[in-house]
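Colleague: Supplied structure: start-v2.txt, compact mmCIF, C-alpha atoms.
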```txt
# COMPACT_ATOMS: atom_id res chain seq x y z
CA MET A 1 0.00 0.00 0.00
CA LYS A 2 2.90 2.30 0.86
CA ARG A 3 4.31 1.72 -2.61
CA MET A 4 0.97 2.72 -4.09
CA PHE A 5 0.92 5.99 -2.15
CA GLY A 6 4.48 6.64 -3.29
CA PHE A 7 3.47 6.01 -6.87
CA ARG A 8 0.46 8.29 -6.50
CA ARG A 9 2.62 11.03 -5.06
CA MET A 10 5.04 10.63 -7.94
CA VAL A 11 2.19 10.86 -10.47
CA PHE A 12 0.86 13.95 -8.70
CA TRP A 13 4.21 15.73 -8.71
CA THR A 14 4.97 14.74 -12.29
CA THR A 15 1.60 16.05 -13.44
CA LEU A 16 1.91 19.28 -11.46
CA VAL A 17 5.44 20.11 -12.58
CA TRP A 18 4.77 19.04 -16.17
CA THR A 19 1.66 21.25 -16.37
CA ILE A 20 3.43 24.25 -14.89
CA GLY A 21 6.41 23.66 -17.15
CA MET A 22 4.24 23.44 -20.24
CA VAL A 23 2.37 26.65 -19.34
CA ILE A 24 5.65 28.49 -18.85
CA THR A 25 7.47 27.19 -21.91
CA ILE A 26 4.70 27.26 -24.50
CA PRO A 27 4.04 30.87 -25.45
CA ALA A 28 0.58 30.34 -26.90
CA PRO A 29 -1.88 27.52 -26.29
CA ALA A 30 -1.77 25.22 -29.26
CA GLN A 31 -4.67 23.34 -30.73
CA ALA A 32 -4.85 20.18 -32.72
CA MET A 33 -7.69 18.29 -34.29
CA HIS A 34 -10.16 21.13 -33.70
CA ILE A 35 -11.20 22.76 -36.94
CA ALA A 36 -11.14 26.52 -36.39
CA GLU A 37 -13.88 29.03 -37.10
CA GLY A 38 -14.47 29.80 -40.77
CA ILE A 39 -12.47 26.95 -42.28
CA LEU A 40 -15.45 24.91 -43.47
CA PRO A 41 -17.81 26.40 -46.06
CA VAL A 42 -21.35 26.96 -44.67
CA PRO A 43 -23.02 23.96 -46.46
CA TRP A 44 -20.36 21.59 -45.11
CA ALA A 45 -20.56 23.08 -41.61
CA GLY A 46 -24.35 22.58 -41.74
CA PHE A 47 -23.95 19.02 -43.04
CA TRP A 48 -21.75 18.02 -40.10
CA PHE A 49 -24.26 19.58 -37.70
CA LEU A 50 -26.96 17.40 -39.27
CA ILE A 51 -24.78 14.35 -38.70
CA ALA A 52 -23.96 15.28 -35.09
CA ILE A 53 -27.40 16.33 -33.80
CA PRO A 54 -29.06 12.86 -33.79
CA PHE A 55 -26.09 11.37 -31.94
CA VAL A 56 -26.22 14.12 -29.30
CA ALA A 57 -30.01 13.72 -28.95
CA ILE A 58 -29.75 9.94 -28.46
CA GLY A 59 -26.91 10.48 -26.00
CA MET A 60 -28.98 12.97 -23.96
CA ARG A 61 -31.85 10.49 -23.83
CA GLU A 62 -29.54 7.70 -22.71
CA LEU A 63 -28.03 9.93 -20.03
CA ARG A 64 -31.50 10.63 -18.62
CA ASN A 65 -32.48 6.95 -18.68
CA ARG A 66 -29.26 5.70 -17.14
CA ALA A 67 -29.24 8.42 -14.46
CA GLU A 68 -32.56 7.00 -13.22
CA ASN A 69 -31.33 3.38 -13.13
CA THR A 70 -27.64 3.72 -12.22
CA PRO A 71 -26.91 6.17 -9.38
CA GLU A 72 -23.13 6.09 -9.99
CA ILE A 73 -23.48 7.30 -13.55
CA LYS A 74 -23.69 10.99 -12.62
CA PRO A 75 -20.34 11.29 -10.82
CA LEU A 76 -18.78 9.00 -13.42
CA VAL A 77 -20.00 11.17 -16.29
CA GLY A 78 -18.77 14.23 -14.36
CA LEU A 79 -15.35 12.66 -13.88
CA VAL A 80 -15.02 11.43 -17.45
CA GLY A 81 -16.40 14.72 -18.83
CA ALA A 82 -13.87 16.76 -16.85
CA ALA A 83 -11.10 14.42 -18.04
CA VAL A 84 -12.13 14.72 -21.71
CA PHE A 85 -12.37 18.52 -21.40
CA VAL A 86 -8.89 18.85 -19.88
CA ILE A 87 -7.22 16.17 -22.04
CA SER A 88 -8.63 17.53 -25.30
CA CYS A 89 -7.27 21.03 -24.74
CA MET A 90 -3.89 20.05 -23.33
CA PRO A 91 -1.16 20.47 -25.93
CA ILE A 92 1.60 17.91 -25.65
CA PRO A 93 4.91 18.58 -27.40
CA VAL A 94 6.10 15.85 -29.74
CA PRO A 95 9.89 16.22 -30.08
CA ILE A 96 10.25 14.18 -33.29
CA ALA A 97 7.82 16.51 -35.08
CA GLY A 98 8.60 19.76 -33.28
CA THR A 99 4.89 20.44 -32.96
CA CYS A 100 2.19 20.02 -30.34
CA SER A 101 -1.04 18.12 -30.33
CA HIS A 102 -3.46 16.72 -27.82
CA PRO A 103 -4.97 13.34 -27.05
CA CYS A 104 -8.79 13.20 -27.10
CA GLY A 105 -9.75 10.90 -24.23
CA THR A 106 -12.85 9.74 -26.08
CA GLY A 107 -11.68 6.14 -26.45
CA LEU A 108 -11.24 5.88 -22.71
CA ALA A 109 -14.57 7.62 -22.09
CA ALA A 110 -16.38 5.28 -24.49
CA ILE A 111 -15.16 2.08 -22.90
CA ILE A 112 -16.16 3.37 -19.45
CA ILE A 113 -19.50 5.13 -20.00
CA GLY A 114 -20.40 3.99 -23.53
CA PRO A 115 -20.22 5.77 -26.89
CA TRP A 116 -23.52 7.67 -26.69
CA LEU A 117 -22.71 9.41 -23.42
CA THR A 118 -19.22 10.11 -24.76
CA VAL A 119 -20.78 12.02 -27.66
CA VAL A 120 -22.66 14.19 -25.12
CA ILE A 121 -19.63 14.99 -22.96
CA SER A 122 -17.48 15.64 -26.04
CA SER A 123 -20.09 18.06 -27.35
CA ILE A 124 -20.11 19.97 -24.07
CA ALA A 125 -16.31 20.02 -23.90
CA LEU A 126 -16.02 21.20 -27.52
CA LEU A 127 -18.71 23.87 -27.01
CA LEU A 128 -16.94 25.29 -23.94
CA GLN A 129 -13.61 25.24 -25.77
CA ALA A 130 -15.12 27.02 -28.79
CA LEU A 131 -16.82 29.63 -26.61
CA PHE A 132 -14.09 30.53 -24.18
CA LEU A 133 -10.76 29.03 -25.19
CA ALA A 134 -10.55 30.14 -28.85
CA HIS A 135 -10.22 26.41 -29.50
CA GLY A 136 -12.25 25.06 -32.43
CA GLY A 137 -15.26 27.10 -33.54
CA LEU A 138 -19.00 27.48 -33.20
CA THR A 139 -19.68 27.04 -36.92
CA THR A 140 -17.37 24.01 -37.04
CA LEU A 141 -18.74 22.48 -33.83
CA GLY A 142 -20.72 19.83 -35.75
CA ALA A 143 -17.62 18.70 -37.64
CA ASN A 144 -15.54 18.61 -34.45
CA ILE A 145 -18.25 16.59 -32.66
CA ALA A 146 -18.33 14.17 -35.61
CA SER A 147 -14.57 13.59 -35.53
CA MET A 148 -13.80 13.62 -31.81
CA GLY A 149 -17.14 12.72 -30.25
CA ILE A 150 -18.65 10.29 -32.72
CA ALA A 151 -15.71 8.69 -34.55
CA GLY A 152 -13.40 8.63 -31.52
CA ALA A 153 -16.07 7.19 -29.23
CA PHE A 154 -17.52 4.54 -31.53
CA VAL A 155 -14.14 3.35 -32.82
CA GLY A 156 -12.76 3.11 -29.26
CA TYR A 157 -15.85 1.29 -28.01
CA GLY A 158 -16.01 -1.01 -31.05
CA VAL A 159 -12.32 -1.93 -30.88
CA PHE A 160 -12.41 -2.63 -27.14
CA HIS A 161 -15.53 -4.79 -27.15
CA GLY A 162 -14.70 -6.44 -30.48
CA LEU A 163 -11.29 -7.52 -29.21
CA ARG A 164 -12.69 -8.64 -25.84
CA ARG A 165 -15.25 -10.76 -27.66
CA VAL A 166 -12.53 -12.64 -29.56
CA GLY A 167 -10.61 -13.27 -26.36
CA VAL A 168 -7.96 -10.54 -26.40
CA SER A 169 -6.89 -9.47 -22.90
CA TRP A 170 -8.48 -6.27 -21.62
CA LEU A 171 -5.03 -4.67 -21.30
CA VAL A 172 -4.32 -5.00 -25.02
CA ALA A 173 -7.92 -4.18 -25.92
CA ALA A 174 -7.86 -0.95 -23.88
CA PHE A 175 -4.51 0.05 -25.36
CA LEU A 176 -5.67 -0.50 -28.94
CA ALA A 177 -8.99 1.23 -28.23
CA GLY A 178 -7.07 4.34 -27.10
CA VAL A 179 -4.67 4.26 -30.06
CA LEU A 180 -7.28 3.64 -32.75
CA SER A 181 -9.84 6.09 -31.35
CA ASP A 182 -7.20 8.82 -31.49
CA TRP A 183 -6.18 7.94 -35.04
CA ALA A 184 -9.83 7.66 -36.11
CA THR A 185 -10.47 11.18 -34.84
CA TYR A 186 -7.67 12.58 -36.95
CA SER A 187 -8.64 10.49 -39.97
CA VAL A 188 -12.17 11.88 -39.84
CA THR A 189 -10.79 15.41 -39.43
CA SER A 190 -8.71 14.81 -42.56
CA PHE A 191 -11.79 13.56 -44.39
CA GLU A 192 -13.86 16.57 -43.26
CA LEU A 193 -11.21 18.97 -44.50
CA ALA A 194 -10.57 17.14 -47.76
CA SER A 195 -14.24 16.73 -48.62
CA ALA A 196 -14.97 20.41 -48.01
CA LEU A 197 -11.82 22.01 -49.39
CA HIS A 198 -10.59 19.88 -52.32
CA GLY A 199 -12.25 22.23 -54.83
CA SER A 200 -11.51 21.10 -58.37
CA GLY A 201 -8.65 18.87 -57.22
CA SER A 202 -8.82 15.27 -56.15
CA MET A 203 -10.42 14.68 -52.76
CA GLU A 204 -8.49 11.46 -52.32
CA ILE A 205 -5.12 13.13 -52.88
CA MET A 206 -5.96 15.95 -50.46
CA PHE A 207 -7.22 13.45 -47.88
CA LYS A 208 -3.99 11.47 -48.06
CA ALA A 209 -1.89 14.65 -47.91
CA ILE A 210 -3.65 15.90 -44.75
CA LEU A 211 -3.54 12.48 -43.14
CA LEU A 212 0.19 12.15 -43.87
CA ALA A 213 0.80 15.61 -42.43
CA PHE A 214 -0.83 14.49 -39.17
CA VAL A 215 1.26 11.30 -38.91
CA PRO A 216 4.54 12.59 -37.36
CA THR A 217 2.67 14.23 -34.47
CA GLN A 218 -0.31 11.94 -34.12
CA ALA A 219 1.36 8.54 -34.43
CA PRO A 220 3.30 8.91 -31.13
CA LEU A 221 0.42 10.75 -29.46
CA GLY A 222 -1.98 7.96 -30.38
CA ILE A 223 0.35 5.48 -28.68
CA LEU A 224 0.49 7.76 -25.64
CA GLU A 225 -3.31 7.83 -25.62
CA GLY A 226 -3.27 4.02 -25.75
CA PHE A 227 -1.15 3.87 -22.59
CA LEU A 228 -3.37 6.50 -20.94
CA THR A 229 -6.48 4.45 -21.72
CA MET A 230 -4.87 1.23 -20.54
CA GLY A 231 -3.66 2.80 -17.27
CA ALA A 232 -6.99 4.45 -16.46
CA TYR A 233 -8.95 1.29 -17.24
CA ARG A 234 -6.58 -0.78 -15.10
CA PHE A 235 -7.01 1.64 -12.20
CA ILE A 236 -10.82 1.48 -12.33
CA SER A 237 -10.87 -2.29 -12.78
CA MET A 238 -8.68 -2.69 -9.69
CA ARG A 239 -10.51 -0.19 -7.48
CA ARG A 240 -14.11 -0.61 -8.66
CA PRO A 241 -14.54 -3.79 -10.74
CA ASP A 242 -18.21 -3.86 -9.67
CA LEU A 243 -18.77 -0.47 -11.26
CA LEU A 244 -17.30 -1.53 -14.63
CA ARG A 245 -19.39 -4.73 -14.61
CA ARG A 246 -22.63 -2.86 -13.90
CA LEU A 247 -21.87 -0.22 -16.52
CA ALA A 248 -21.05 -2.84 -19.16
CA GLU A 249 -24.35 -4.58 -18.46
CA LYS A 250 -26.30 -1.33 -18.79
CA VAL A 251 -24.54 -0.33 -22.03
CA THR A 252 -25.00 -3.70 -23.67
CA SER A 253 -28.64 -4.00 -22.53
CA MET B 254 13.87 10.58 3.57
CA ARG B 255 13.22 8.46 0.48
CA LYS B 256 9.68 9.85 0.24
CA ASN B 257 11.02 13.40 0.20
CA LEU B 258 13.45 12.51 -2.56
CA ILE B 259 10.74 11.43 -5.00
CA PRO B 260 9.31 14.91 -5.71
CA ILE B 261 12.81 16.35 -6.01
CA LEU B 262 13.83 13.65 -8.48
CA VAL B 263 10.64 14.18 -10.46
CA ILE B 264 11.23 17.95 -10.60
CA ILE B 265 14.81 17.41 -11.81
CA LEU B 266 13.65 14.86 -14.41
CA VAL B 267 10.90 17.12 -15.74
CA ALA B 268 13.22 20.15 -15.76
CA CYS B 269 15.73 18.14 -17.83
CA MET B 270 12.98 17.03 -20.23
CA LEU B 271 11.74 20.60 -20.65
CA THR B 272 15.29 21.87 -21.21
CA VAL B 273 15.73 19.34 -24.00
CA LEU B 274 12.27 19.96 -25.46
CA THR B 275 12.64 23.73 -25.58
CA ARG B 276 15.93 23.34 -27.42
CA VAL B 277 14.74 20.87 -30.03
CA LYS B 278 15.03 22.40 -33.47
CA ALA B 279 11.85 22.34 -35.49
CA SER B 280 12.10 22.34 -39.27
CA ASN B 281 10.79 25.90 -39.23
CA THR B 282 11.44 28.02 -36.15
CA SER B 283 8.29 30.08 -36.69
CA THR B 284 6.17 26.93 -36.26
CA ARG B 285 8.18 25.60 -33.34
CA TRP B 286 5.82 23.80 -30.98
CA SER B 287 2.79 25.07 -32.86
CA GLY B 288 -0.30 22.92 -32.72
CA VAL B 289 -1.05 20.69 -35.69
CA ASP B 290 -4.14 22.80 -36.27
CA GLU B 291 -1.78 25.55 -37.37
CA THR B 292 0.79 23.41 -39.16
CA VAL B 293 -1.74 21.08 -40.81
CA VAL B 294 -5.40 22.16 -40.62
CA GLU B 295 -4.97 25.89 -41.11
CA LYS B 296 -2.20 25.43 -43.66
CA PHE B 297 -4.36 23.24 -45.91
CA ALA B 298 -7.39 25.49 -45.35
CA ALA B 299 -5.42 28.60 -46.32
CA GLN B 300 -4.10 26.84 -49.44
CA ALA B 301 -7.69 26.00 -50.38
CA GLY B 302 -8.77 29.63 -49.93
CA HIS B 303 -10.65 29.11 -46.67
CA PRO B 304 -8.40 30.56 -43.99
CA ALA B 305 -9.50 30.41 -40.35
CA ARG B 306 -11.12 33.54 -39.03
CA LYS B 307 -11.07 34.97 -35.52
CA PRO B 308 -13.35 33.22 -33.02
CA TYR B 309 -16.62 34.97 -32.14
CA ILE B 310 -15.47 35.29 -28.54
CA ASN B 311 -11.81 35.99 -29.03
CA THR B 312 -9.92 35.46 -25.79
CA ASP B 313 -6.59 35.33 -27.64
CA HIS B 314 -5.33 38.71 -26.37
CA GLY B 315 -2.21 38.92 -24.27
CA ASP B 316 -2.47 36.79 -21.16
CA MET B 317 -6.27 36.45 -21.44
CA LEU B 318 -5.97 33.08 -23.20
CA LEU B 319 -3.59 31.82 -20.55
CA PHE B 320 -6.08 32.93 -17.91
CA VAL B 321 -9.03 31.13 -19.51
CA PHE B 322 -6.97 27.98 -20.12
CA LEU B 323 -5.84 27.85 -16.52
CA THR B 324 -9.33 28.62 -15.25
CA GLY B 325 -10.75 25.87 -17.47
CA GLY B 326 -8.12 23.43 -16.24
CA MET B 327 -8.75 24.39 -12.63
CA VAL B 328 -12.55 24.07 -12.89
CA GLY B 329 -12.18 20.76 -14.78
CA GLY B 330 -9.73 19.56 -12.14
CA PHE B 331 -12.04 20.47 -9.26
CA ILE B 332 -15.06 18.80 -10.88
CA GLY B 333 -12.99 15.73 -11.74
CA GLY B 334 -11.54 15.55 -8.22
CA TYR B 335 -14.95 15.94 -6.59
CA CYS B 336 -16.47 13.15 -8.70
CA PHE B 337 -13.36 10.99 -8.27
CA ARG B 338 -13.67 11.16 -4.48
CA GLU B 339 -17.31 10.18 -4.69
CA LEU B 340 -16.51 7.15 -6.85
CA PHE B 341 -13.26 6.12 -5.20
CA PRO B 342 -13.52 7.03 -1.53
CA PRO B 343 -10.30 6.71 0.47
CA SER B 344 -11.41 3.54 2.24
CA THR B 345 -7.92 2.58 3.42
CA LYS B 346 -7.57 5.75 5.50
CA ALA B 347 -11.02 5.27 7.03
CA LYS B 348 -10.06 1.76 8.17
CA GLU B 349 -6.91 3.00 9.83
```
Show me this structure written as structure tokens.
Modeller:
Amino acid sequence: MKRMFGFRRMVFWTTLVWTIGMVITIPAPAQAMHIAEGILPVPWAGFWFLIAIPFVAIGMRELRNRAENTPEIKPLVGLVGAAVFVISCMPIPVPIAGTCSHPCGTGLAAIIIGPWLTVVISSIALLLQALFLAHGGLTTLGANIASMGIAGAFVGYGVFHGLRRVGVSWLVAAFLAGVLSDWATYSVTSFELASALHGSGSMEIMFKAILLAFVPTQAPLGILEGFLTMGAYRFISMRRPDLLRRLAEKVTS
Amino acid sequence: MRKNLIPILVIILVACMLTVLTRVKASNTSTRWSGVDETVVEKFAAQAGHPARKPYINTDHGDMLLFVFLTGGMVGGFIGGYCFRELFPPSTKAKE
């Protein structure tokens, strides 16, 4: 137990010093997958809103239903929501690329609270970031929800449960869910940009060019997100295995 | 004694990492440690004739953005910590 407290203290100090260090050394907050205001033409911005709205509506309904049946869901959604908000606006420097980017946290959120609730918390996080942090945009909110909230959540959830079903250990499944949900987010962002901005050129070529440009930063960050997902899932499964079991039953039912 | 050494070692380790990171040469010094939104998303958007425009609520003035980022992080941290304590109560301390 003493070792655990020592480890916790080490994690606390590392996080604190790292955060302070990053704030001091990075002159301007950097953003990543968020598509900024004005980048998407109005019809495309509207199209992505049309895609996102049904997912958010179903997620809201599920949140209401599950809040009535599972008392722990409220603090869990609060915890996961706060984590997604902080993780998705925290720039992490990637030395091999010389740029910064952020993990999304939606893969982790999806395997804990399910993909529909993850869409809801991602939407709230993205809205707050667009309103107050100059991070993303209000007109591009639908596109950002589609890439981070929908693609990230459903890919993470699908990978985790798909791999568990074929007998892969939860450690590997959680790691791959984190990695692939991150990469899926950036792939969908590339698709959103290419489909809206290719003009008279080839959409496929533009899609590949954007995706390749993301690779040096996002490949290592995706792996980092995999470890983050694996570590967080391991922590919950050790401290509250009952909670994970109950949540899995509710999601699948 | 060993417990007190851990935070000091962590601080030294992180300071070393930051020293290295802040001296890494990016291919273009003007984009050094920029977010990929700037180096990828906005670059491709500008090439396609759809550059990003200023946010409707533009907090990117001086230290204002730093303030809102830290406030956001602090509020998120408090909410997360509050919910965490509710889900994972410190049972070991209570037993002692």
Colleague: With distances taken over only C-alpha atoms, which residue among A:Phe214, A:Leu244, A:Val84, A:Gly222 lies nearest Lys296 of chain B?
Modeller: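 Among A:Phe214, A:Leu244, A:Val84, A:Gly222, it is A:Phe214 that comes nearest to Lys296 of chain B.
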Colleague: Write out as a PyMOL selection string each polymer residue whose atoms come within 8 Å of segment 39-43 of chain A, counting all atoms listed in the file; drop sequence neighbours fewer than 3 positions from it.
Modeller: (chain A and resi 35-36+46-47+139-140+193+196-197) or (chain B and resi 295+298+303-306)
Colleague: Please determine, counting only C-alpha atoms, which residue among A:Leu180, A:Leu50, A:Leu108, A:Leu133 has the shortest atom-to-atom distance to Phe320 of chain B.
Modeller: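 Of the candidates, the smallest distance to Phe320 of chain B is held by A:Leu133.
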Colleague: Quick one: which residues from chain B are at most 7 Å off chain A, using all atoms listed in the file, as JSON, numbers by chain?
Modeller: {"B": [259, 260, 263, 264, 267, 274, 277, 278, 279, 285, 286, 287, 288, 289, 290, 293, 294, 298, 301, 303, 304, 305, 306, 307, 308, 310, 311, 312, 313, 318, 321, 322, 326, 329, 330, 332, 333, 336, 337, 339, 340]}
Colleague: Convert the current residue selection to file output with C-alpha atoms, as an mmCIF file, in the frame of the given file.
Modeller:
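Dumped to selection-v2.cif:
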```cif
data_model
loop_
_atom_site.group_PDB
_atom_site.id
_atom_site.type_symbol
_atom_site.label_atom_id
_atom_site.label_comp_id
_atom_site.auth_asym_id
_atom_site.auth_seq_id
_atom_site.Cartn_x
_atom_site.Cartn_y
_atom_site.Cartn_z
ATOM 1 C CA ILE B 259 10.740 11.430 -5.000
ATOM 2 C CA PRO B 260 9.310 14.910 -5.710
ATOM 3 C CA VAL B 263 10.640 14.180 -10.460
ATOM 4 C CA ILE B 264 11.230 17.950 -10.600
ATOM 5 C CA VAL B 267 10.900 17.120 -15.740
ATOM 6 C CA LEU B 274 12.270 19.960 -25.460
ATOM 7 C CA VAL B 277 14.740 20.870 -30.030
ATOM 8 C CA LYS B 278 15.030 22.400 -33.470
ATOM 9 C CA ALA B 279 11.850 22.340 -35.490
ATOM 10 C CA ARG B 285 8.180 25.600 -33.340
ATOM 11 C CA TRP B 286 5.820 23.800 -30.980
ATOM 12 C CA SER B 287 2.790 25.070 -32.860
ATOM 13 C CA GLY B 288 -0.300 22.920 -32.720
ATOM 14 C CA VAL B 289 -1.050 20.690 -35.690
ATOM 15 C CA ASP B 290 -4.140 22.800 -36.270
ATOM 16 C CA VAL B 293 -1.740 21.080 -40.810
ATOM 17 C CA VAL B 294 -5.400 22.160 -40.620
ATOM 18 C CA ALA B 298 -7.390 25.490 -45.350
ATOM 19 C CA ALA B 301 -7.690 26.000 -50.380
ATOM 20 C CA HIS B 303 -10.650 29.110 -46.670
ATOM 21 C CA PRO B 304 -8.400 30.560 -43.990
ATOM 22 C CA ALA B 305 -9.500 30.410 -40.350
ATOM 23 C CA ARG B 306 -11.120 33.540 -39.030
ATOM 24 C CA LYS B 307 -11.070 34.970 -35.520
ATOM 25 C CA PRO B 308 -13.350 33.220 -33.020
ATOM 26 C CA ILE B 310 -15.470 35.290 -28.540
ATOM 27 C CA ASN B 311 -11.810 35.990 -29.030
ATOM 28 C CA THR B 312 -9.920 35.460 -25.790
ATOM 29 C CA ASP B 313 -6.590 35.330 -27.640
ATOM 30 C CA LEU B 318 -5.970 33.080 -23.200
ATOM 31 C CA VAL B 321 -9.030 31.130 -19.510
ATOM 32 C CA PHE B 322 -6.970 27.980 -20.120
ATOM 33 C CA GLY B 326 -8.120 23.430 -16.240
ATOM 34 C CA GLY B 329 -12.180 20.760 -14.780
ATOM 35 C CA GLY B 330 -9.730 19.560 -12.140
ATOM 36 C CA ILE B 332 -15.060 18.800 -10.880
ATOM 37 C CA GLY B 333 -12.990 15.730 -11.740
ATOM 38 C CA CYS B 336 -16.470 13.150 -8.700
ATOM 39 C CA PHE B 337 -13.360 10.990 -8.270
ATOM 40 C CA GLU B 339 -17.310 10.180 -4.690
ATOM 41 C CA LEU B 340 -16.510 7.150 -6.850
#
```
Colleague: Please, what distance in Å, to one decimal, runs between atom CA of Ile145 of chain A and atom CA of Gly302 of chain B?
Modeller: 23.6 Å
